[in-house]
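my_file.txt (compact mmCIF, C-alpha atoms)
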# COMPACT_ATOMS: atom_id res chain seq x y z
CA MET X 40 19.79 3.55 -2.44
CA SER X 41 23.54 3.23 -2.38
CA GLY X 42 24.98 0.08 -0.78
CA GLY X 43 24.42 0.97 2.90
CA ALA X 44 21.53 0.22 5.18
CA SER X 45 18.90 2.80 6.00
CA GLN X 46 16.57 3.03 8.98
CA HIS X 47 12.85 3.75 8.61
CA GLU X 48 10.73 4.53 11.62
CA ALA X 49 7.11 4.96 12.52
CA LEU X 50 5.77 5.85 15.94
CA VAL X 51 2.61 3.90 16.74
CA THR X 52 0.68 5.19 19.75
CA TRP X 53 -2.44 3.86 21.46
CA GLN X 54 -3.87 4.86 24.81
CA ARG X 55 -6.83 3.49 26.69
CA ALA X 56 -9.47 6.13 27.39
CA GLU X 57 -9.97 6.93 31.06
CA GLY X 58 -12.50 4.55 32.54
CA GLU X 59 -12.64 2.42 29.38
CA ALA X 60 -12.81 -1.33 29.96
CA PHE X 61 -9.94 -3.40 28.65
CA THR X 62 -9.77 -6.97 29.91
CA ASP X 63 -13.22 -7.70 28.47
CA ASN X 64 -11.76 -6.93 25.00
CA ARG X 65 -14.21 -4.01 24.58
CA TYR X 66 -11.74 -1.20 23.98
CA SER X 67 -11.12 1.14 21.07
CA ARG X 68 -8.53 0.02 18.54
CA ARG X 69 -8.11 3.59 17.23
CA HIS X 70 -4.51 4.74 17.42
CA ALA X 71 -2.06 7.03 15.63
CA TRP X 72 0.87 6.57 13.28
CA ARG X 73 3.46 9.36 13.36
CA PHE X 74 6.25 9.63 10.84
CA ASP X 75 9.60 11.46 10.88
CA GLY X 76 8.44 14.27 8.60
CA GLY X 77 5.62 15.16 10.98
CA ALA X 78 2.74 13.39 9.23
CA GLU X 79 0.19 11.79 11.53
CA VAL X 80 -2.34 9.23 10.38
CA ALA X 81 -5.40 8.02 12.26
CA ALA X 82 -5.22 4.23 12.37
CA SER X 83 -7.40 1.40 13.64
CA SER X 84 -8.00 -2.28 13.28
CA SER X 85 -10.07 -3.19 10.25
CA PRO X 86 -13.82 -3.44 10.83
CA HIS X 87 -13.45 -6.81 9.07
CA ALA X 88 -11.28 -7.98 11.98
CA VAL X 89 -12.77 -6.12 14.97
CA ARG X 90 -16.44 -5.17 15.02
CA LEU X 91 -17.75 -1.64 15.41
CA PRO X 92 -17.59 0.43 17.58
CA PHE X 93 -14.23 -0.99 18.69
CA SER X 94 -12.64 -0.30 15.31
CA ASP X 95 -12.87 2.96 13.40
CA PRO X 96 -13.72 2.57 9.69
CA SER X 97 -12.66 6.19 9.01
CA ALA X 98 -9.07 5.39 10.04
CA VAL X 99 -6.43 3.50 8.05
CA ASP X 100 -6.04 -0.12 9.04
CA PRO X 101 -2.78 -2.11 8.73
CA GLU X 102 -4.12 -4.14 5.82
CA GLU X 103 -4.98 -0.99 3.85
CA ALA X 104 -1.59 0.48 4.72
CA PHE X 105 0.14 -2.66 3.46
CA VAL X 106 -1.67 -2.44 0.11
CA ALA X 107 -1.00 1.31 -0.11
CA SER X 108 2.72 0.91 0.65
CA LEU X 109 3.09 -1.66 -2.14
CA ALA X 110 1.14 0.49 -4.60
CA SER X 111 3.05 3.63 -3.61
CA CYS X 112 6.47 1.96 -3.91
CA HIS X 113 5.57 0.55 -7.33
CA MET X 114 4.33 3.97 -8.48
CA LEU X 115 7.47 5.77 -7.34
CA TRP X 116 9.70 3.31 -9.20
CA PHE X 117 7.46 3.48 -12.28
CA LEU X 118 7.63 7.29 -12.37
CA SER X 119 11.43 7.17 -12.09
CA ILE X 120 11.73 4.60 -14.88
CA ALA X 121 9.33 6.51 -17.16
CA ALA X 122 11.30 9.74 -16.64
CA GLN X 123 14.60 7.96 -17.37
CA ARG X 124 13.13 6.61 -20.61
CA GLY X 125 11.90 10.04 -21.69
CA PHE X 126 8.16 9.49 -21.20
CA CYS X 127 6.18 12.35 -19.65
CA VAL X 128 3.66 11.08 -17.08
CA ASP X 129 0.75 13.42 -16.41
CA ARG X 130 -1.27 11.24 -14.04
CA TYR X 131 -0.91 7.93 -12.22
CA HIS X 132 -3.99 6.38 -10.60
CA ASP X 133 -4.00 2.95 -8.96
CA ALA X 134 -7.07 1.28 -7.45
CA ALA X 135 -5.02 -1.39 -5.66
CA THR X 136 -6.65 -4.22 -3.71
CA GLY X 137 -5.44 -6.83 -1.27
CA THR X 138 -6.98 -10.21 -0.57
CA MET X 139 -6.87 -11.55 2.96
CA GLN X 140 -7.49 -15.25 3.48
CA ARG X 141 -5.84 -18.33 4.90
CA ASN X 142 -2.49 -19.08 3.30
CA ALA X 143 -0.94 -22.50 2.63
CA ALA X 144 0.18 -22.70 6.27
CA GLY X 145 -3.39 -22.06 7.42
CA LYS X 146 -2.61 -18.56 8.73
CA VAL X 147 -4.69 -15.52 7.86
CA ALA X 148 -2.57 -13.32 5.60
CA ILE X 149 -2.73 -10.87 2.74
CA THR X 150 -2.17 -13.55 0.11
CA ALA X 151 -2.34 -11.34 -2.98
CA VAL X 152 -2.14 -7.67 -3.85
CA THR X 153 -3.42 -6.52 -7.22
CA LEU X 154 -2.19 -3.21 -8.58
CA LYS X 155 -4.30 -1.61 -11.30
CA PRO X 156 -2.31 1.42 -12.38
CA GLU X 157 -3.76 3.67 -15.02
CA VAL X 158 -1.09 6.00 -16.37
CA ARG X 159 -1.69 8.99 -18.62
CA PHE X 160 1.16 10.29 -20.72
CA SER X 161 1.65 13.41 -22.84
CA GLY X 162 4.22 14.66 -25.28
CA SER X 163 5.61 13.29 -28.51
CA ARG X 164 6.75 9.97 -26.93
CA VAL X 165 4.01 7.74 -25.56
CA PRO X 166 4.95 4.17 -24.63
CA THR X 167 3.62 1.19 -26.52
CA SER X 168 1.72 -1.48 -24.60
CA GLN X 169 4.91 -3.56 -24.49
CA GLU X 170 7.02 -0.63 -23.21
CA LEU X 171 4.36 0.07 -20.57
CA ALA X 172 4.40 -3.58 -19.45
CA GLU X 173 8.23 -3.55 -19.35
CA MET X 174 8.27 -0.42 -17.17
CA HIS X 175 5.73 -1.96 -14.76
CA HIS X 176 7.77 -5.18 -14.63
CA GLU X 177 10.96 -3.24 -13.87
CA ALA X 178 9.15 -1.15 -11.22
CA HIS X 179 7.96 -4.36 -9.57
CA GLU X 180 11.48 -5.83 -9.65
CA GLN X 181 12.93 -2.66 -8.06
CA CYS X 182 10.21 -2.03 -5.45
CA PHE X 183 11.73 -2.32 -1.97
CA ILE X 184 8.40 -3.26 -0.41
CA ALA X 185 7.57 -5.95 -2.98
CA ASN X 186 11.04 -7.38 -2.43
CA SER X 187 10.31 -7.52 1.30
CA VAL X 188 7.14 -9.62 1.36
CA ASN X 189 6.08 -13.16 0.54
CA SER X 190 2.65 -12.23 -0.80
CA GLU X 191 1.96 -12.60 -4.46
CA ILE X 192 1.89 -9.15 -5.99
CA VAL X 193 0.06 -8.79 -9.28
CA CYS X 194 0.15 -5.71 -11.47
CA GLU X 195 -2.75 -5.17 -13.87
CA PRO X 196 -2.16 -1.83 -15.60
CA VAL X 197 -5.27 -0.13 -16.95
CA MET X 198 -4.91 1.59 -20.29
CA PRO X 199 -6.93 4.83 -20.25
CA PRO X 200 -9.14 5.51 -23.25
CA GLY X 201 -7.11 7.05 -26.05
CA GLY X 202 -3.74 5.99 -24.59
Structure re-expressed in structure tokens:
Amino acid sequence: MSGGASQHEALVTWQRAEGEAFTDNRYSRRHAWRFDGGAEVAASSSPHAVRLPFSDPSAVDPEEAFVASLASCHMLWFLSIAAQRGFCVDRYHDAATGTMQRNAAGKVAITAVTLKPEVRFSGSRVPTSQELAEMHHEAHEQCFIANSVNSEIVCEPVMPPGG
């Protein structure tokens, strides 16, 4: 990103079903996220926060989206850095997790996100463990999303068998 600001938008839409109760707090939390490129994602509160059937476990919840946005941002920076350094990435897989609990202020928050990227390389240049760690560190330092949050973000790269 060059010096200027950029705007990022998401359209979040929810509508109460006809005849559905509301003031008794027994309404569906299912809603939609729409993005500028046309993608639409089914969203809901987490079943950990709002019991079934008022949440939809098949939809993406904000906590999952938060973890995914951090993991995705880290991955995109990592791929860019690897390419710049001449390493050919064949596959990137990250089983990222987020922990939600009370923070130091006593508020419920995602207090830690753990990234577990497993990266497979090919070609004549494969990074050493130290080079891999350096690229992940740089990706974390550059990640716009990581730079935007107060949560601890941990990266635990997974070395695939055979490098």
_Among the residues X:Thr62, X:Ser97, X:Thr167, X:Ser45, the one that comes closest to Ser84 of chain X [using all atoms listed in the file]_ =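 Among the listed residues, X:Ser97 lies closest to Ser84 of chain X.
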*Computed interatomic separation between atom CA of Glu48 of chain X and atom CA of Met174 of chain X (Å)*: 29.3 Å
_So the first atom is atom CA of Arg164 of chain X and the second is atom CA of Cys127 of chain X; what is the distance between them in Å, to one decimal place?_
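Value for the atom CA of Arg164 of chain X-atom CA of Cys127 of chain X distance: 7.7 Å.
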_Between atom CA of Ala135 of chain X and atom CA of Ser67 of chain X, what distance in Å does the model show, to one decimal?_
27.5 Å
_Minimum-distance residue to His87 of chain X, chosen among X:Ala134, X:Gln54, X:Met139, X:Glu59 (using all atoms listed in the file)_ =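 Between X:Ala134, X:Gln54, X:Met139, X:Glu59, the residue approaching His87 of chain X most closely is X:Met139.
Shortest atom-to-atom contact with Ala151 of chain X among X:Ser163, X:Ser108, X:Gln169, X:Asn189: X:Asn189, counting all atoms listed in the file.
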_Can you pull out the residues contacting Thr52 of chain X? Cut-off 8 Å, using all atoms listed in the file, and skip same-chain residues under 5 positions away; I want them as a PyMOL selection string._
chain X and resi 70-72
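Among the candidate residues X:Ala49, X:Ala88, X:Ala104, X:Cys194, the one lying nearest to Ala178 of chain X is X:Cys194, with distances computed using all atoms listed in the file.
Look at Ser190 of chain X: the protein and nucleic acid residues within 8 Å of it, using all atoms listed in the file and passing over chain neighbours fewer than 4 places away, are X:Ile149, X:Thr150, X:Ala151, X:Val152.
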*Near Val158 of chain X, counting all atoms listed in the file, which residues have an atom at most 9 Å away, once you skip same-chain residues fewer than 5 positions from it, shown as a list in words?*
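In the requested form, the answer reads Val128, Asp129, Arg130, Tyr131, His132, Asp133, Pro196, Val197, Met198, Pro199 and Gly202 of chain X.
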*Between X:Thr138, X:Lys146, X:His47, X:Asn186, which has the minimum distance to Glu103 of chain X (counting only C-alpha atoms)?*
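Checking each of X:Thr138, X:Lys146, X:His47, X:Asn186 against Glu103 of chain X, counting only C-alpha atoms, the winner is X:Thr138.
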*Quick one: everything within 7 Å of segment 182-184 of chain X, counting all atoms listed in the file, minus sequence neighbours fewer than 4 positions away in the same chain. Send it as a ChimeraX atom specification.*
/X:109,112-113,116,178,188
*Counting all atoms listed in the file, figure out which residue out of X:Pro96, X:Gly125, X:Gly145, X:Pro200 gets nearest to Glu157 of chain X.*
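Selected residue with least distance to Glu157 of chain X: X:Pro200.
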_12 Å contact set for Asn64 of chain X, all atoms listed in the file, chain neighbours under 2 positions out, as a count of residues only_ = 13
Please fill the gaps in segment 136-147 of chain X so it has all heavy atoms, and write that as a PDB file, in the frame of the given file.
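Writing the result to selection-v8.pdb gives the following:
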ATOM      1  N   THR X 136      -5.872  -3.416  -4.662  1.00  0.00           N
ATOM      2  CA  THR X 136      -6.650  -4.220  -3.710  1.00  0.00           C
ATOM      3  C   THR X 136      -5.774  -5.318  -3.125  1.00  0.00           C
ATOM      4  O   THR X 136      -4.831  -5.788  -3.762  1.00  0.00           O
ATOM      5  CB  THR X 136      -7.873  -4.878  -4.377  1.00  0.00           C
ATOM      6  OG1 THR X 136      -7.431  -5.715  -5.442  1.00  0.00           O
ATOM      7  CG2 THR X 136      -8.862  -3.867  -4.895  1.00  0.00           C
ATOM      8  N   GLY X 137      -6.116  -5.717  -1.916  1.00  0.00           N
ATOM      9  CA  GLY X 137      -5.440  -6.830  -1.270  1.00  0.00           C
ATOM     10  C   GLY X 137      -6.461  -7.864  -0.854  1.00  0.00           C
ATOM     11  O   GLY X 137      -7.561  -7.515  -0.438  1.00  0.00           O
ATOM     12  N   THR X 138      -6.103  -9.123  -0.972  1.00  0.00           N
ATOM     13  CA  THR X 138      -6.980 -10.210  -0.570  1.00  0.00           C
ATOM     14  C   THR X 138      -6.432 -10.868   0.679  1.00  0.00           C
ATOM     15  O   THR X 138      -5.277 -11.304   0.693  1.00  0.00           O
ATOM     16  CB  THR X 138      -7.096 -11.266  -1.703  1.00  0.00           C
ATOM     17  OG1 THR X 138      -7.599 -10.629  -2.869  1.00  0.00           O
ATOM     18  CG2 THR X 138      -8.002 -12.416  -1.297  1.00  0.00           C
ATOM     19  N   MET X 139      -7.274 -10.915   1.719  1.00  0.00           N
ATOM     20  CA  MET X 139      -6.870 -11.550   2.960  1.00  0.00           C
ATOM     21  C   MET X 139      -7.653 -12.847   3.107  1.00  0.00           C
ATOM     22  O   MET X 139      -8.876 -12.857   3.007  1.00  0.00           O
ATOM     23  CB  MET X 139      -7.114 -10.636   4.165  1.00  0.00           C
ATOM     24  CG  MET X 139      -6.473 -11.170   5.431  1.00  0.00           C
ATOM     25  SD  MET X 139      -6.267  -9.938   6.723  1.00  0.00           S
ATOM     26  CE  MET X 139      -7.937  -9.742   7.273  1.00  0.00           C
ATOM     27  N   GLN X 140      -6.897 -13.923   3.317  1.00  0.00           N
ATOM     28  CA  GLN X 140      -7.490 -15.250   3.480  1.00  0.00           C
ATOM     29  C   GLN X 140      -6.451 -16.151   4.123  1.00  0.00           C
ATOM     30  O   GLN X 140      -5.337 -15.719   4.385  1.00  0.00           O
ATOM     31  CB  GLN X 140      -7.949 -15.807   2.137  1.00  0.00           C
ATOM     32  CG  GLN X 140      -6.821 -15.961   1.136  1.00  0.00           C
ATOM     33  CD  GLN X 140      -7.328 -16.320  -0.253  1.00  0.00           C
ATOM     34  OE1 GLN X 140      -8.508 -16.320  -0.525  1.00  0.00           O
ATOM     35  NE2 GLN X 140      -6.410 -16.624  -1.144  1.00  0.00           N
ATOM     36  N   ARG X 141      -6.798 -17.389   4.338  1.00  0.00           N
ATOM     37  CA  ARG X 141      -5.840 -18.330   4.900  1.00  0.00           C
ATOM     38  C   ARG X 141      -4.812 -18.698   3.830  1.00  0.00           C
ATOM     39  O   ARG X 141      -5.164 -18.978   2.691  1.00  0.00           O
ATOM     40  CB  ARG X 141      -6.536 -19.582   5.418  1.00  0.00           C
ATOM     41  CG  ARG X 141      -7.413 -19.270   6.608  1.00  0.00           C
ATOM     42  CD  ARG X 141      -7.620 -20.469   7.516  1.00  0.00           C
ATOM     43  NE  ARG X 141      -8.477 -20.083   8.621  1.00  0.00           N
ATOM     44  CZ  ARG X 141      -8.037 -19.536   9.757  1.00  0.00           C
ATOM     45  NH1 ARG X 141      -6.759 -19.330   9.936  1.00  0.00           N
ATOM     46  NH2 ARG X 141      -8.888 -19.207  10.704  1.00  0.00           N
ATOM     47  N   ASN X 142      -3.542 -18.695   4.226  1.00  0.00           N
ATOM     48  CA  ASN X 142      -2.490 -19.080   3.300  1.00  0.00           C
ATOM     49  C   ASN X 142      -2.237 -20.578   3.375  1.00  0.00           C
ATOM     50  O   ASN X 142      -2.960 -21.305   4.075  1.00  0.00           O
ATOM     51  CB  ASN X 142      -1.210 -18.261   3.567  1.00  0.00           C
ATOM     52  CG  ASN X 142      -0.611 -18.525   4.938  1.00  0.00           C
ATOM     53  OD1 ASN X 142      -0.934 -19.509   5.615  1.00  0.00           O
ATOM     54  ND2 ASN X 142       0.283 -17.653   5.354  1.00  0.00           N
ATOM     55  N   ALA X 143      -1.229 -21.068   2.680  1.00  0.00           N
ATOM     56  CA  ALA X 143      -0.940 -22.500   2.630  1.00  0.00           C
ATOM     57  C   ALA X 143      -0.638 -23.080   4.006  1.00  0.00           C
ATOM     58  O   ALA X 143      -0.880 -24.258   4.253  1.00  0.00           O
ATOM     59  CB  ALA X 143       0.226 -22.758   1.679  1.00  0.00           C
ATOM     60  N   ALA X 144      -0.123 -22.247   4.912  1.00  0.00           N
ATOM     61  CA  ALA X 144       0.180 -22.700   6.270  1.00  0.00           C
ATOM     62  C   ALA X 144      -1.036 -22.613   7.181  1.00  0.00           C
ATOM     63  O   ALA X 144      -0.949 -22.918   8.365  1.00  0.00           O
ATOM     64  CB  ALA X 144       1.331 -21.863   6.844  1.00  0.00           C
ATOM     65  N   GLY X 145      -2.180 -22.159   6.636  1.00  0.00           N
ATOM     66  CA  GLY X 145      -3.390 -22.060   7.420  1.00  0.00           C
ATOM     67  C   GLY X 145      -3.508 -20.784   8.238  1.00  0.00           C
ATOM     68  O   GLY X 145      -4.425 -20.626   9.034  1.00  0.00           O
ATOM     69  N   LYS X 146      -2.588 -19.841   8.015  1.00  0.00           N
ATOM     70  CA  LYS X 146      -2.610 -18.560   8.730  1.00  0.00           C
ATOM     71  C   LYS X 146      -3.318 -17.508   7.895  1.00  0.00           C
ATOM     72  O   LYS X 146      -3.194 -17.497   6.665  1.00  0.00           O
ATOM     73  CB  LYS X 146      -1.184 -18.100   9.041  1.00  0.00           C
ATOM     74  CG  LYS X 146      -0.465 -19.024   9.990  1.00  0.00           C
ATOM     75  CD  LYS X 146       0.916 -18.495  10.312  1.00  0.00           C
ATOM     76  CE  LYS X 146       1.593 -19.429  11.301  1.00  0.00           C
ATOM     77  NZ  LYS X 146       2.861 -18.894  11.759  1.00  0.00           N
ATOM     78  N   VAL X 147      -4.043 -16.615   8.570  1.00  0.00           N
ATOM     79  CA  VAL X 147      -4.690 -15.520   7.860  1.00  0.00           C
ATOM     80  C   VAL X 147      -3.612 -14.534   7.436  1.00  0.00           C
ATOM     81  O   VAL X 147      -2.782 -14.119   8.251  1.00  0.00           O
ATOM     82  CB  VAL X 147      -5.759 -14.838   8.738  1.00  0.00           C
ATOM     83  CG1 VAL X 147      -6.364 -13.642   8.012  1.00  0.00           C
ATOM     84  CG2 VAL X 147      -6.853 -15.835   9.119  1.00  0.00           C
TER      85      VAL X 147
END
